[in-house]
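Accompanying notes for the structure given below.
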Amino acid sequence: MTRPRTTDDARVETGRLSIRLVHEPIDVAEAAAFLADPRAGGLDLFIGTTRRWTGDAETLELSYECYAPMAVKEMRRLAEEAMARWPLVRACIRHRLGTVPPAEASVLIGVAAPHRAEAFEACRFLIDRLKRQAPIWKREAYADGRLEWVQGERPPDLPGLDTGS
Amino acid sequence: MTRPRTTDDARVETGRLSIRLVHEPIDVAEAAAFLADPRAGGLDLFIGTTRRWTGDAETLELSYECYAPMAVKEMRRLAEEAMARWPLVRACIRHRLGTVPPAEASVLIGVAAPHRAEAFEACRFLIDRLKRQAPIWKREAYADGRLEWVQGERPPDLPGLDTGS
Amino acid sequence: MNDETTNGALRVRVLVFSILREKMGCDALTVALDAPATGADLLDRLERDHPALRAFRPVVRLAVNQTYAPETTALAEGDEVALITPVSGG
Amino acid sequence: MNDETTNGALRVRVLVFSILREKMGCDALTVALDAPATGADLLDRLERDHPALRAFRPVVRLAVNQTYAPETTALAEGDEVALITPVSGG
């Protein structure tokens, strides 16, 4: 449970917050162990994975590109916002970069809260905002040979503007 | 991923559903691995843990008593109801029995769905219903020596009655 | 407790858990009832023999053969009937 | 692209990602602007040199020194400005 407090281009580690960009498979057990806390009554972990089929298109793999130092800062800002809105005792975010095969996790959001309602709400908030705000882009490699950058449905929010969530 | 299809007093294993009563620590990585599926876009895992403090009372440990064959049946019924309401591709439930120290998991609900909204909703539904319906009882051992059965706030729902959720 | 089966009688197996088990001082018992009998008849009978049940009666639910069932359910010979106080799993 | 600093000019470092990187054929560049200059001035200038940017202009957001900032933001010498098309992480 004791980790050095670090902030660099790929991670933030404080006592209550752990954010990492990783190039290997996301370790779910490690995230759950980080979240365990005697003040917590409920943990919620969301794990985003790659669907093989989107309509008729078969995805062979995804790859993620990232503006790393800003992504880490933005995820930290979102986590701190969640910690201010809900009484979270811990939160962690993992995002994988590079190539991700189908069914493997590309993102993990984990929160620990005294009660379950808060855990669900904060976890949902974090994944929704991360998908809007974190400067990370996904490229799908389809079975028919196409390589396609996935474009988000809406641009990220600017500071001070309504977030529309 | 291939498990024998079994149903006994302590577990149900079908291809898409895995329900177990366990006496050892809940294995989060095993549950996440069971849920991984190329049809899934989002997994949500809820983990219930023991808070050390409830107001001024310090909990040293919990212990769980269970009407095992009915608990397994009821959890299966709830999981099948969730699978009928949301397009889940997989679901798993683990409930620990016997003594559970603070910060360890007593229950895990995991669902895999094509999209995240469904995963969050189904997971929330399952933990809320499990806490109302599964014939399992928790006893708190407090630091002052008291042993106290926790009584749920409402009786379980009977078939055909509105569930009030 | 009456263990003899008489003509027109039925026997059910009753299971009791957690706080009710402690208050009643018993985790399982066999009860003979005059047929026909419902879940409510069983509860009335149990309450007579185990007054500790009275305080829980408003919140007790029955499970007959491992499924929740209303008190109006007709019981049959050999049924397994569990008394379920408000649960607290999770 | 003008790499010379003139009097009253400022230089910013521009970062480009994903589809815009591919369309513009460039992932980083240094741009000199007449001071004072805003994010909008930078985008106008980039659009002139890289017409591929035009189609993305309505959905591009700027990040100045790793924080989202409106196009009205005044730029300063040495700023790191990223062009952020709608993101798709997660």
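We name chains A, B, ... following the order of the structure tokens; residues begin at 1 in each chain, and ligands are numbered from 1 as shown.
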**OP:** Would you list, as a VMD selection string, the residues of chain D that end up in strand (DSSP E or B) under DSSP run on this structure's backbone?
**Re:** chain D and resid 9 to 16 28 to 34 38 61 to 64 67 to 69 74 80 to 84
Convert the current residue selection to file output with N, CA and C atoms, as a PDB file, in the first residue's frame.
```pdb
ATOM      1  N   ALA D   9       7.896  39.518 -32.077  1.00  0.00           N
ATOM      2  CA  ALA D   9       7.368  38.206 -32.479  1.00  0.00           C
ATOM      3  C   ALA D   9       7.488  37.235 -31.305  1.00  0.00           C
ATOM      4  N   LEU D  10       6.710  36.149 -31.369  1.00  0.00           N
ATOM      5  CA  LEU D  10       6.843  35.106 -30.344  1.00  0.00           C
ATOM      6  C   LEU D  10       6.762  33.764 -31.033  1.00  0.00           C
ATOM      7  N   ARG D  11       7.420  32.798 -30.419  1.00  0.00           N
ATOM      8  CA  ARG D  11       7.422  31.465 -31.019  1.00  0.00           C
ATOM      9  C   ARG D  11       6.751  30.483 -30.080  1.00  0.00           C
ATOM     10  N   VAL D  12       5.906  29.649 -30.645  1.00  0.00           N
ATOM     11  CA  VAL D  12       5.260  28.616 -29.836  1.00  0.00           C
ATOM     12  C   VAL D  12       5.545  27.257 -30.469  1.00  0.00           C
ATOM     13  N   ARG D  13       5.503  26.242 -29.616  1.00  0.00           N
ATOM     14  CA  ARG D  13       5.701  24.871 -30.075  1.00  0.00           C
ATOM     15  C   ARG D  13       4.321  24.244 -30.230  1.00  0.00           C
ATOM     16  N   VAL D  14       4.046  23.701 -31.406  1.00  0.00           N
ATOM     17  CA  VAL D  14       2.717  23.140 -31.692  1.00  0.00           C
ATOM     18  C   VAL D  14       2.825  21.619 -31.779  1.00  0.00           C
ATOM     19  N   LEU D  15       1.894  20.911 -31.079  1.00  0.00           N
ATOM     20  CA  LEU D  15       1.860  19.443 -31.107  1.00  0.00           C
ATOM     21  C   LEU D  15       0.568  18.983 -31.768  1.00  0.00           C
ATOM     22  N   VAL D  16       0.678  17.954 -32.600  1.00  0.00           N
ATOM     23  CA  VAL D  16      -0.476  17.479 -33.369  1.00  0.00           C
ATOM     24  C   VAL D  16      -0.559  15.964 -33.222  1.00  0.00           C
ATOM     25  N   ALA D  28       4.886  17.772 -34.847  1.00  0.00           N
ATOM     26  CA  ALA D  28       5.301  18.900 -34.016  1.00  0.00           C
ATOM     27  C   ALA D  28       5.925  19.948 -34.917  1.00  0.00           C
ATOM     28  N   LEU D  29       5.695  21.204 -34.617  1.00  0.00           N
ATOM     29  CA  LEU D  29       6.307  22.278 -35.401  1.00  0.00           C
ATOM     30  C   LEU D  29       6.436  23.520 -34.534  1.00  0.00           C
ATOM     31  N   THR D  30       7.379  24.381 -34.923  1.00  0.00           N
ATOM     32  CA  THR D  30       7.526  25.649 -34.206  1.00  0.00           C
ATOM     33  C   THR D  30       6.969  26.738 -35.107  1.00  0.00           C
ATOM     34  N   VAL D  31       6.152  27.624 -34.536  1.00  0.00           N
ATOM     35  CA  VAL D  31       5.523  28.683 -35.324  1.00  0.00           C
ATOM     36  C   VAL D  31       5.857  30.031 -34.703  1.00  0.00           C
ATOM     37  N   ALA D  32       6.263  30.960 -35.553  1.00  0.00           N
ATOM     38  CA  ALA D  32       6.513  32.331 -35.084  1.00  0.00           C
ATOM     39  C   ALA D  32       5.331  33.197 -35.463  1.00  0.00           C
ATOM     40  N   LEU D  33       4.844  33.974 -34.499  1.00  0.00           N
ATOM     41  CA  LEU D  33       3.676  34.834 -34.713  1.00  0.00           C
ATOM     42  C   LEU D  33       4.038  36.255 -34.312  1.00  0.00           C
ATOM     43  N   ASP D  34       3.384  37.230 -34.948  1.00  0.00           N
ATOM     44  CA  ASP D  34       3.547  38.607 -34.491  1.00  0.00           C
ATOM     45  C   ASP D  34       2.862  38.756 -33.142  1.00  0.00           C
ATOM     46  N   THR D  38      -3.153  35.403 -30.228  1.00  0.00           N
ATOM     47  CA  THR D  38      -4.040  34.507 -29.468  1.00  0.00           C
ATOM     48  C   THR D  38      -4.010  33.119 -30.104  1.00  0.00           C
ATOM     49  N   ARG D  61      -9.882  21.696 -30.192  1.00  0.00           N
ATOM     50  CA  ARG D  61      -9.705  22.492 -28.982  1.00  0.00           C
ATOM     51  C   ARG D  61      -8.221  22.681 -28.773  1.00  0.00           C
ATOM     52  N   LEU D  62      -7.862  23.790 -28.177  1.00  0.00           N
ATOM     53  CA  LEU D  62      -6.451  24.032 -27.887  1.00  0.00           C
ATOM     54  C   LEU D  62      -6.130  23.665 -26.449  1.00  0.00           C
ATOM     55  N   ALA D  63      -4.947  23.143 -26.268  1.00  0.00           N
ATOM     56  CA  ALA D  63      -4.397  23.028 -24.915  1.00  0.00           C
ATOM     57  C   ALA D  63      -3.123  23.866 -24.901  1.00  0.00           C
ATOM     58  N   VAL D  64      -3.043  24.797 -23.973  1.00  0.00           N
ATOM     59  CA  VAL D  64      -1.857  25.627 -23.850  1.00  0.00           C
ATOM     60  C   VAL D  64      -1.106  25.174 -22.604  1.00  0.00           C
ATOM     61  N   THR D  67      -3.013  22.340 -20.699  1.00  0.00           N
ATOM     62  CA  THR D  67      -4.333  22.591 -20.110  1.00  0.00           C
ATOM     63  C   THR D  67      -5.240  23.158 -21.204  1.00  0.00           C
ATOM     64  N   TYR D  68      -6.488  22.662 -21.276  1.00  0.00           N
ATOM     65  CA  TYR D  68      -7.412  23.213 -22.267  1.00  0.00           C
ATOM     66  C   TYR D  68      -7.552  24.714 -22.070  1.00  0.00           C
ATOM     67  N   ALA D  69      -7.602  25.443 -23.178  1.00  0.00           N
ATOM     68  CA  ALA D  69      -7.700  26.906 -23.102  1.00  0.00           C
ATOM     69  C   ALA D  69      -8.521  27.393 -24.287  1.00  0.00           C
ATOM     70  N   ALA D  74      -4.240  34.545 -24.842  1.00  0.00           N
ATOM     71  CA  ALA D  74      -3.031  35.192 -25.375  1.00  0.00           C
ATOM     72  C   ALA D  74      -1.867  34.225 -25.237  1.00  0.00           C
ATOM     73  N   GLU D  80       3.630  25.753 -25.174  1.00  0.00           N
ATOM     74  CA  GLU D  80       3.397  24.473 -25.859  1.00  0.00           C
ATOM     75  C   GLU D  80       1.902  24.419 -26.160  1.00  0.00           C
ATOM     76  N   VAL D  81       1.558  24.395 -27.430  1.00  0.00           N
ATOM     77  CA  VAL D  81       0.147  24.440 -27.817  1.00  0.00           C
ATOM     78  C   VAL D  81      -0.196  23.153 -28.556  1.00  0.00           C
ATOM     79  N   ALA D  82      -1.167  22.392 -28.016  1.00  0.00           N
ATOM     80  CA  ALA D  82      -1.569  21.141 -28.672  1.00  0.00           C
ATOM     81  C   ALA D  82      -2.916  21.341 -29.354  1.00  0.00           C
ATOM     82  N   LEU D  83      -3.069  20.737 -30.527  1.00  0.00           N
ATOM     83  CA  LEU D  83      -4.351  20.769 -31.229  1.00  0.00           C
ATOM     84  C   LEU D  83      -5.082  19.464 -30.902  1.00  0.00           C
ATOM     85  N   ILE D  84      -6.207  19.575 -30.227  1.00  0.00           N
ATOM     86  CA  ILE D  84      -6.896  18.393 -29.722  1.00  0.00           C
ATOM     87  C   ILE D  84      -8.182  18.171 -30.521  1.00  0.00           C
TER      88      ILE D  84
END
```
Moved coordinates, chain D onto chain C, all Cα atoms, as a short mmCIF file (atom, residue, chain, number, x, y, z; two decimals) with C-alpha atoms, in the first residue's frame:
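Output saved as part.cif:
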```
data_model
loop_
_atom_site.label_atom_id
_atom_site.label_comp_id
_atom_site.auth_asym_id
_atom_site.auth_seq_id
_atom_site.Cartn_x
_atom_site.Cartn_y
_atom_site.Cartn_z
CA MET D 1 -43.37 -30.15 18.94
CA ASN D 2 -45.37 -33.04 17.64
CA ASP D 3 -43.37 -35.62 15.73
CA GLU D 4 -46.21 -38.06 15.10
CA THR D 5 -48.01 -38.10 11.79
CA THR D 6 -51.72 -38.44 12.32
CA ASN D 7 -54.39 -38.96 9.70
CA GLY D 8 -54.95 -35.66 7.82
CA ALA D 9 -51.67 -34.26 9.10
CA LEU D 10 -48.56 -33.09 7.25
CA ARG D 11 -45.03 -32.54 8.38
CA VAL D 12 -42.73 -29.78 7.22
CA ARG D 13 -39.07 -29.12 7.91
CA VAL D 14 -38.45 -25.62 9.28
CA LEU D 15 -35.08 -23.81 8.98
CA VAL D 16 -34.15 -20.80 11.10
CA PHE D 17 -31.17 -18.43 10.70
CA SER D 18 -29.17 -15.64 12.31
CA ILE D 19 -30.88 -13.58 15.02
CA LEU D 20 -34.07 -15.65 14.94
CA ARG D 21 -32.04 -18.84 15.30
CA GLU D 22 -30.42 -17.36 18.39
CA LYS D 23 -33.69 -16.05 19.87
CA MET D 24 -35.55 -19.31 19.21
CA GLY D 25 -32.55 -21.37 20.29
CA CYS D 26 -33.00 -23.74 17.37
CA ASP D 27 -31.80 -23.92 13.76
CA ALA D 28 -34.03 -26.65 12.36
CA LEU D 29 -37.17 -28.43 13.51
CA THR D 30 -39.89 -30.67 12.14
CA VAL D 31 -43.48 -29.51 12.66
CA ALA D 32 -46.66 -31.51 12.17
CA LEU D 33 -49.76 -29.56 11.17
CA ASP D 34 -53.36 -30.53 10.53
CA ALA D 35 -53.94 -30.61 6.79
CA PRO D 36 -54.71 -28.44 4.94
CA ALA D 37 -52.25 -25.87 6.32
CA THR D 38 -50.80 -22.62 5.00
CA GLY D 39 -47.62 -20.76 5.81
CA ALA D 40 -49.63 -18.57 8.19
CA ASP D 41 -50.86 -21.67 10.05
CA LEU D 42 -47.26 -22.79 10.44
CA LEU D 43 -46.20 -19.37 11.77
CA ASP D 44 -49.11 -19.33 14.24
CA ARG D 45 -48.09 -22.72 15.48
CA LEU D 46 -44.40 -21.78 15.76
CA GLU D 47 -45.26 -18.59 17.60
CA ARG D 48 -47.16 -20.59 20.21
CA ASP D 49 -44.19 -22.85 20.89
CA HIS D 50 -41.53 -20.11 20.47
CA PRO D 51 -42.78 -16.75 21.75
CA ALA D 52 -39.51 -15.12 20.62
CA LEU D 53 -40.86 -15.33 17.07
CA ARG D 54 -43.65 -12.86 17.84
CA ALA D 55 -41.48 -9.72 17.62
CA PHE D 56 -40.19 -10.79 14.20
CA ARG D 57 -43.49 -11.85 12.69
CA PRO D 58 -44.12 -8.54 10.84
CA VAL D 59 -40.78 -8.76 9.00
CA VAL D 60 -40.40 -12.52 8.55
CA ARG D 61 -40.81 -13.86 5.02
CA LEU D 62 -41.25 -17.51 4.22
CA ALA D 63 -39.33 -19.48 1.67
CA VAL D 64 -40.97 -22.74 0.68
CA ASN D 65 -38.59 -25.22 -0.92
CA GLN D 66 -35.98 -22.47 -1.35
CA THR D 67 -38.23 -19.89 -3.01
CA TYR D 68 -39.95 -16.92 -1.37
CA ALA D 69 -43.66 -17.61 -0.97
CA PRO D 70 -46.57 -15.69 0.57
CA GLU D 71 -48.04 -16.84 3.89
CA THR D 72 -51.16 -17.94 2.05
CA THR D 73 -49.20 -20.71 0.33
CA ALA D 74 -50.62 -24.19 1.03
CA LEU D 75 -47.96 -26.42 2.55
CA ALA D 76 -47.40 -30.02 1.52
CA GLU D 77 -45.91 -33.00 3.29
CA GLY D 78 -42.12 -32.77 3.31
CA ASP D 79 -41.86 -29.08 2.39
CA GLU D 80 -38.74 -27.23 3.49
CA VAL D 81 -39.85 -23.92 4.99
CA ALA D 82 -37.29 -21.26 5.94
CA LEU D 83 -38.03 -18.25 8.13
CA ILE D 84 -36.25 -15.30 6.55
CA THR D 85 -35.74 -12.20 8.70
CA PRO D 86 -34.57 -9.07 6.83
CA VAL D 87 -31.35 -10.13 5.15
CA SER D 88 -28.02 -8.31 5.40
CA GLY D 89 -25.68 -9.89 2.90
CA GLY D 90 -23.41 -7.88 0.64
#
```
Who sits within 8 Å of stretch 108-120 of chain A, only C-alpha atoms, same chain under 3 positions skipped, as a PDB file with N, CA and C atoms, in the first residue's frame:
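Saved result, out_6.pdb, follows:
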```pdb
ATOM      1  N   ILE A  26      -3.468  -4.298 -18.240  1.00  0.00           N
ATOM      2  CA  ILE A  26      -3.844  -3.647 -16.978  1.00  0.00           C
ATOM      3  C   ILE A  26      -4.047  -4.717 -15.907  1.00  0.00           C
ATOM      4  N   VAL A  28      -5.793  -5.871 -12.902  1.00  0.00           N
ATOM      5  CA  VAL A  28      -7.025  -5.587 -12.157  1.00  0.00           C
ATOM      6  C   VAL A  28      -6.833  -5.861 -10.661  1.00  0.00           C
ATOM      7  N   ALA A  31      -5.064  -3.041  -8.973  1.00  0.00           N
ATOM      8  CA  ALA A  31      -5.943  -1.879  -8.780  1.00  0.00           C
ATOM      9  C   ALA A  31      -6.889  -2.121  -7.604  1.00  0.00           C
ATOM     10  N   ALA A  32      -7.472  -3.316  -7.529  1.00  0.00           N
ATOM     11  CA  ALA A  32      -8.392  -3.623  -6.421  1.00  0.00           C
ATOM     12  C   ALA A  32      -7.650  -3.575  -5.087  1.00  0.00           C
ATOM     13  N   LEU A  35      -7.212  -0.039  -3.959  1.00  0.00           N
ATOM     14  CA  LEU A  35      -8.452   0.590  -3.491  1.00  0.00           C
ATOM     15  C   LEU A  35      -8.885   0.115  -2.109  1.00  0.00           C
ATOM     16  N   ALA A  36      -8.424  -1.065  -1.700  1.00  0.00           N
ATOM     17  CA  ALA A  36      -8.870  -1.617  -0.412  1.00  0.00           C
ATOM     18  C   ALA A  36      -8.505  -0.656   0.706  1.00  0.00           C
ATOM     19  N   ASP A  37      -9.478  -0.357   1.570  1.00  0.00           N
ATOM     20  CA  ASP A  37      -9.269   0.675   2.591  1.00  0.00           C
ATOM     21  C   ASP A  37     -10.316   0.456   3.670  1.00  0.00           C
ATOM     22  N   ARG A  39     -11.827   2.409   5.445  1.00  0.00           N
ATOM     23  CA  ARG A  39     -12.893   3.417   5.436  1.00  0.00           C
ATOM     24  C   ARG A  39     -13.906   3.165   4.333  1.00  0.00           C
ATOM     25  N   ALA A  40     -13.595   2.187   3.452  1.00  0.00           N
ATOM     26  CA  ALA A  40     -14.457   1.957   2.285  1.00  0.00           C
ATOM     27  C   ALA A  40     -15.508   0.893   2.572  1.00  0.00           C
ATOM     28  N   GLY A  41     -16.703   1.122   2.060  1.00  0.00           N
ATOM     29  CA  GLY A  41     -17.753   0.113   2.122  1.00  0.00           C
ATOM     30  C   GLY A  41     -18.036  -0.466   0.746  1.00  0.00           C
ATOM     31  N   GLY A  42     -17.687   0.264  -0.290  1.00  0.00           N
ATOM     32  CA  GLY A  42     -17.931  -0.212  -1.647  1.00  0.00           C
ATOM     33  C   GLY A  42     -16.885   0.289  -2.615  1.00  0.00           C
ATOM     34  N   LEU A  43     -16.431  -0.619  -3.466  1.00  0.00           N
ATOM     35  CA  LEU A  43     -15.526  -0.258  -4.555  1.00  0.00           C
ATOM     36  C   LEU A  43     -16.271  -0.486  -5.849  1.00  0.00           C
ATOM     37  N   ASP A  44     -16.092   0.416  -6.799  1.00  0.00           N
ATOM     38  CA  ASP A  44     -16.607   0.139  -8.126  1.00  0.00           C
ATOM     39  C   ASP A  44     -15.450   0.246  -9.098  1.00  0.00           C
ATOM     40  N   LEU A  45     -15.317  -0.783  -9.930  1.00  0.00           N
ATOM     41  CA  LEU A  45     -14.286  -0.794 -10.965  1.00  0.00           C
ATOM     42  C   LEU A  45     -14.953  -0.891 -12.313  1.00  0.00           C
ATOM     43  N   PHE A  46     -14.668   0.069 -13.178  1.00  0.00           N
ATOM     44  CA  PHE A  46     -15.119  -0.031 -14.557  1.00  0.00           C
ATOM     45  C   PHE A  46     -13.922  -0.389 -15.415  1.00  0.00           C
ATOM     46  N   ILE A  47     -14.127  -1.355 -16.312  1.00  0.00           N
ATOM     47  CA  ILE A  47     -13.060  -1.790 -17.216  1.00  0.00           C
ATOM     48  C   ILE A  47     -13.578  -1.698 -18.641  1.00  0.00           C
ATOM     49  N   GLY A  48     -12.928  -0.883 -19.448  1.00  0.00           N
ATOM     50  CA  GLY A  48     -13.311  -0.760 -20.857  1.00  0.00           C
ATOM     51  C   GLY A  48     -12.525  -1.755 -21.686  1.00  0.00           C
ATOM     52  N   TRP A  86     -17.729  13.668  -4.336  1.00  0.00           N
ATOM     53  CA  TRP A  86     -18.171  12.508  -3.565  1.00  0.00           C
ATOM     54  C   TRP A  86     -17.111  12.210  -2.496  1.00  0.00           C
ATOM     55  N   PRO A  87     -17.521  11.613  -1.384  1.00  0.00           N
ATOM     56  CA  PRO A  87     -16.546  11.363  -0.303  1.00  0.00           C
ATOM     57  C   PRO A  87     -15.699  10.119  -0.580  1.00  0.00           C
ATOM     58  N   LEU A  88     -14.940  10.168  -1.665  1.00  0.00           N
ATOM     59  CA  LEU A  88     -14.144   8.995  -2.036  1.00  0.00           C
ATOM     60  C   LEU A  88     -12.955   8.842  -1.096  1.00  0.00           C
ATOM     61  N   VAL A  89     -12.607   7.617  -0.773  1.00  0.00           N
ATOM     62  CA  VAL A  89     -11.400   7.415   0.026  1.00  0.00           C
ATOM     63  C   VAL A  89     -10.187   7.101  -0.861  1.00  0.00           C
ATOM     64  N   ARG A  90     -10.417   6.521  -2.010  1.00  0.00           N
ATOM     65  CA  ARG A  90      -9.323   6.267  -2.949  1.00  0.00           C
ATOM     66  C   ARG A  90      -9.873   6.257  -4.375  1.00  0.00           C
ATOM     67  N   ALA A  91      -8.991   6.523  -5.331  1.00  0.00           N
ATOM     68  CA  ALA A  91      -9.375   6.402  -6.741  1.00  0.00           C
ATOM     69  C   ALA A  91      -8.146   6.018  -7.549  1.00  0.00           C
ATOM     70  N   CYS A  92      -8.372   5.216  -8.580  1.00  0.00           N
ATOM     71  CA  CYS A  92      -7.256   4.909  -9.480  1.00  0.00           C
ATOM     72  C   CYS A  92      -7.733   4.885 -10.924  1.00  0.00           C
ATOM     73  N   ILE A  93      -6.826   5.232 -11.806  1.00  0.00           N
ATOM     74  CA  ILE A  93      -7.098   5.205 -13.239  1.00  0.00           C
ATOM     75  C   ILE A  93      -5.899   4.555 -13.921  1.00  0.00           C
ATOM     76  N   ARG A  94      -6.186   3.625 -14.825  1.00  0.00           N
ATOM     77  CA  ARG A  94      -5.142   3.040 -15.664  1.00  0.00           C
ATOM     78  C   ARG A  94      -5.611   3.194 -17.109  1.00  0.00           C
ATOM     79  N   HIS A  95      -4.730   3.651 -17.983  1.00  0.00           N
ATOM     80  CA  HIS A  95      -5.063   3.641 -19.410  1.00  0.00           C
ATOM     81  C   HIS A  95      -3.917   2.995 -20.156  1.00  0.00           C
ATOM     82  N   ALA A 105      -8.385  -5.189 -21.617  1.00  0.00           N
ATOM     83  CA  ALA A 105      -8.794  -3.899 -21.075  1.00  0.00           C
ATOM     84  C   ALA A 105      -7.951  -2.776 -21.642  1.00  0.00           C
ATOM     85  N   CYS A 123     -17.615   6.589 -10.228  1.00  0.00           N
ATOM     86  CA  CYS A 123     -16.955   5.779 -11.260  1.00  0.00           C
ATOM     87  C   CYS A 123     -17.523   6.129 -12.633  1.00  0.00           C
ATOM     88  N   ARG A 124     -18.843   6.248 -12.692  1.00  0.00           N
ATOM     89  CA  ARG A 124     -19.504   6.609 -13.946  1.00  0.00           C
ATOM     90  C   ARG A 124     -19.070   7.999 -14.410  1.00  0.00           C
ATOM     91  N   LEU A 126     -16.277   9.479 -13.755  1.00  0.00           N
ATOM     92  CA  LEU A 126     -14.882   9.483 -14.199  1.00  0.00           C
ATOM     93  C   LEU A 126     -14.717   8.881 -15.588  1.00  0.00           C
ATOM     94  N   ILE A 127     -15.392   7.776 -15.872  1.00  0.00           N
ATOM     95  CA  ILE A 127     -15.207   7.206 -17.212  1.00  0.00           C
ATOM     96  C   ILE A 127     -15.855   8.106 -18.259  1.00  0.00           C
TER      97      ILE A 127
ATOM     98  N   GLY B  48     -18.039  -5.181  -2.401  1.00  0.00           N
ATOM     99  CA  GLY B  48     -18.454  -4.695  -1.082  1.00  0.00           C
ATOM    100  C   GLY B  48     -17.420  -5.086  -0.046  1.00  0.00           C
ATOM    101  N   ARG B  51     -16.387  -1.715   6.339  1.00  0.00           N
ATOM    102  CA  ARG B  51     -15.856  -0.486   6.935  1.00  0.00           C
ATOM    103  C   ARG B  51     -15.438  -0.760   8.372  1.00  0.00           C
ATOM    104  N   PHE B 120     -23.110  -0.472 -15.924  1.00  0.00           N
ATOM    105  CA  PHE B 120     -23.324   0.202 -14.638  1.00  0.00           C
ATOM    106  C   PHE B 120     -24.719  -0.080 -14.088  1.00  0.00           C
ATOM    107  N   ARG B 124     -25.482  -2.245 -10.632  1.00  0.00           N
ATOM    108  CA  ARG B 124     -26.173  -1.581  -9.524  1.00  0.00           C
ATOM    109  C   ARG B 124     -27.451  -2.345  -9.151  1.00  0.00           C
TER     110      ARG B 124
END
```
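Nearest to chain A of all the residues B:Glu65, B:Glu74, B:Glu104, B:Asp9 is B:Glu104, based on only C-alpha atoms.
When atom CA of B:Thr6 is paired with atom CA of B:Arg20, their separation reads 10.7 Å.
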Output as an mmCIF file with C-alpha atoms, in the first residue's frame the set of chain B residues within 10 Å of chain C, with distances taken over only C-alpha atoms.
```cif
data_model
loop_
_atom_site.group_PDB
_atom_site.id
_atom_site.type_symbol
_atom_site.label_atom_id
_atom_site.label_comp_id
_atom_site.auth_asym_id
_atom_site.auth_seq_id
_atom_site.Cartn_x
_atom_site.Cartn_y
_atom_site.Cartn_z
ATOM 1 C CA ILE B 47 -16.903 -5.029 -4.526
ATOM 2 C CA GLY B 48 -18.454 -4.695 -1.082
ATOM 3 C CA THR B 49 -15.964 -4.371 1.763
ATOM 4 C CA THR B 50 -16.174 -3.984 5.513
ATOM 5 C CA SER B 63 -19.118 -13.004 9.719
ATOM 6 C CA TYR B 64 -21.728 -14.198 7.273
ATOM 7 C CA GLU B 65 -24.326 -16.938 7.680
ATOM 8 C CA CYS B 66 -26.201 -18.232 4.687
ATOM 9 C CA TYR B 67 -29.080 -20.461 3.592
ATOM 10 C CA ALA B 68 -26.791 -21.760 0.885
ATOM 11 C CA PRO B 69 -28.966 -23.655 -1.618
ATOM 12 C CA MET B 70 -31.584 -20.904 -1.647
ATOM 13 C CA ALA B 71 -28.977 -18.130 -1.773
ATOM 14 C CA VAL B 72 -27.465 -19.672 -4.892
ATOM 15 C CA LYS B 73 -30.913 -20.079 -6.486
ATOM 16 C CA GLU B 74 -31.926 -16.537 -5.643
ATOM 17 C CA ARG B 94 -19.172 -14.090 -5.457
ATOM 18 C CA HIS B 95 -20.255 -13.969 -1.820
ATOM 19 C CA ARG B 96 -17.896 -14.779 0.975
ATOM 20 C CA LEU B 97 -19.123 -16.737 4.029
ATOM 21 C CA ALA B 105 -14.278 -8.110 0.086
ATOM 22 C CA SER B 106 -17.475 -9.802 1.224
ATOM 23 C CA VAL B 107 -19.260 -9.632 -2.116
ATOM 24 C CA LEU B 108 -18.369 -9.101 -5.760
ATOM 25 C CA ILE B 109 -20.806 -8.443 -8.607
ATOM 26 C CA ILE B 127 -26.060 -5.502 -5.762
ATOM 27 C CA ASP B 128 -29.221 -3.645 -4.682
ATOM 28 C CA ARG B 129 -31.359 -6.751 -5.198
ATOM 29 C CA LEU B 130 -28.849 -9.146 -3.692
ATOM 30 C CA LYS B 131 -28.827 -7.050 -0.527
ATOM 31 C CA ARG B 132 -32.630 -7.267 -0.358
ATOM 32 C CA GLN B 133 -33.211 -10.807 -1.539
ATOM 33 C CA ALA B 134 -30.331 -13.194 -0.939
ATOM 34 C CA PRO B 135 -30.830 -15.186 2.300
ATOM 35 C CA ILE B 136 -27.512 -14.172 3.831
ATOM 36 C CA TRP B 137 -27.014 -12.488 7.197
ATOM 37 C CA LYS B 138 -24.106 -10.497 8.546
ATOM 38 C CA ARG B 139 -22.937 -10.375 12.130
ATOM 39 C CA GLU B 148 -24.623 -8.004 16.638
ATOM 40 C CA TRP B 149 -26.681 -9.422 13.789
ATOM 41 C CA VAL B 150 -27.241 -6.716 11.226
ATOM 42 C CA GLN B 151 -30.861 -6.619 10.200
ATOM 43 C CA GLY B 152 -31.751 -5.370 6.742
ATOM 44 C CA GLU B 153 -33.920 -2.291 6.527
ATOM 45 C CA ARG B 154 -36.723 -3.983 4.635
ATOM 46 C CA PRO B 155 -37.913 -7.577 4.315
ATOM 47 C CA PRO B 156 -37.214 -9.357 1.032
ATOM 48 C CA ASP B 157 -39.788 -8.998 -1.738
ATOM 49 C CA LEU B 158 -42.257 -11.756 -2.367
ATOM 50 C CA PRO B 159 -42.868 -12.996 -5.901
ATOM 51 C CA GLY B 160 -45.442 -10.941 -7.761
ATOM 52 C CA LEU B 161 -45.152 -7.942 -5.477
#
```
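Note that the spacing between atom CA of A:Leu78 and atom CA of A:Glu24 amounts to 23.4 Å.
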Original post:
DSSP on the backbone: what in chain A comes out helix (DSSP H, G or I), as a PyMOL selection string?
Top reply: chain A and resi 28-35+68-85+116-133
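Interatomic distance, atom CA of A:Arg146 to atom CA of B:Ala33: 29.3 Å.
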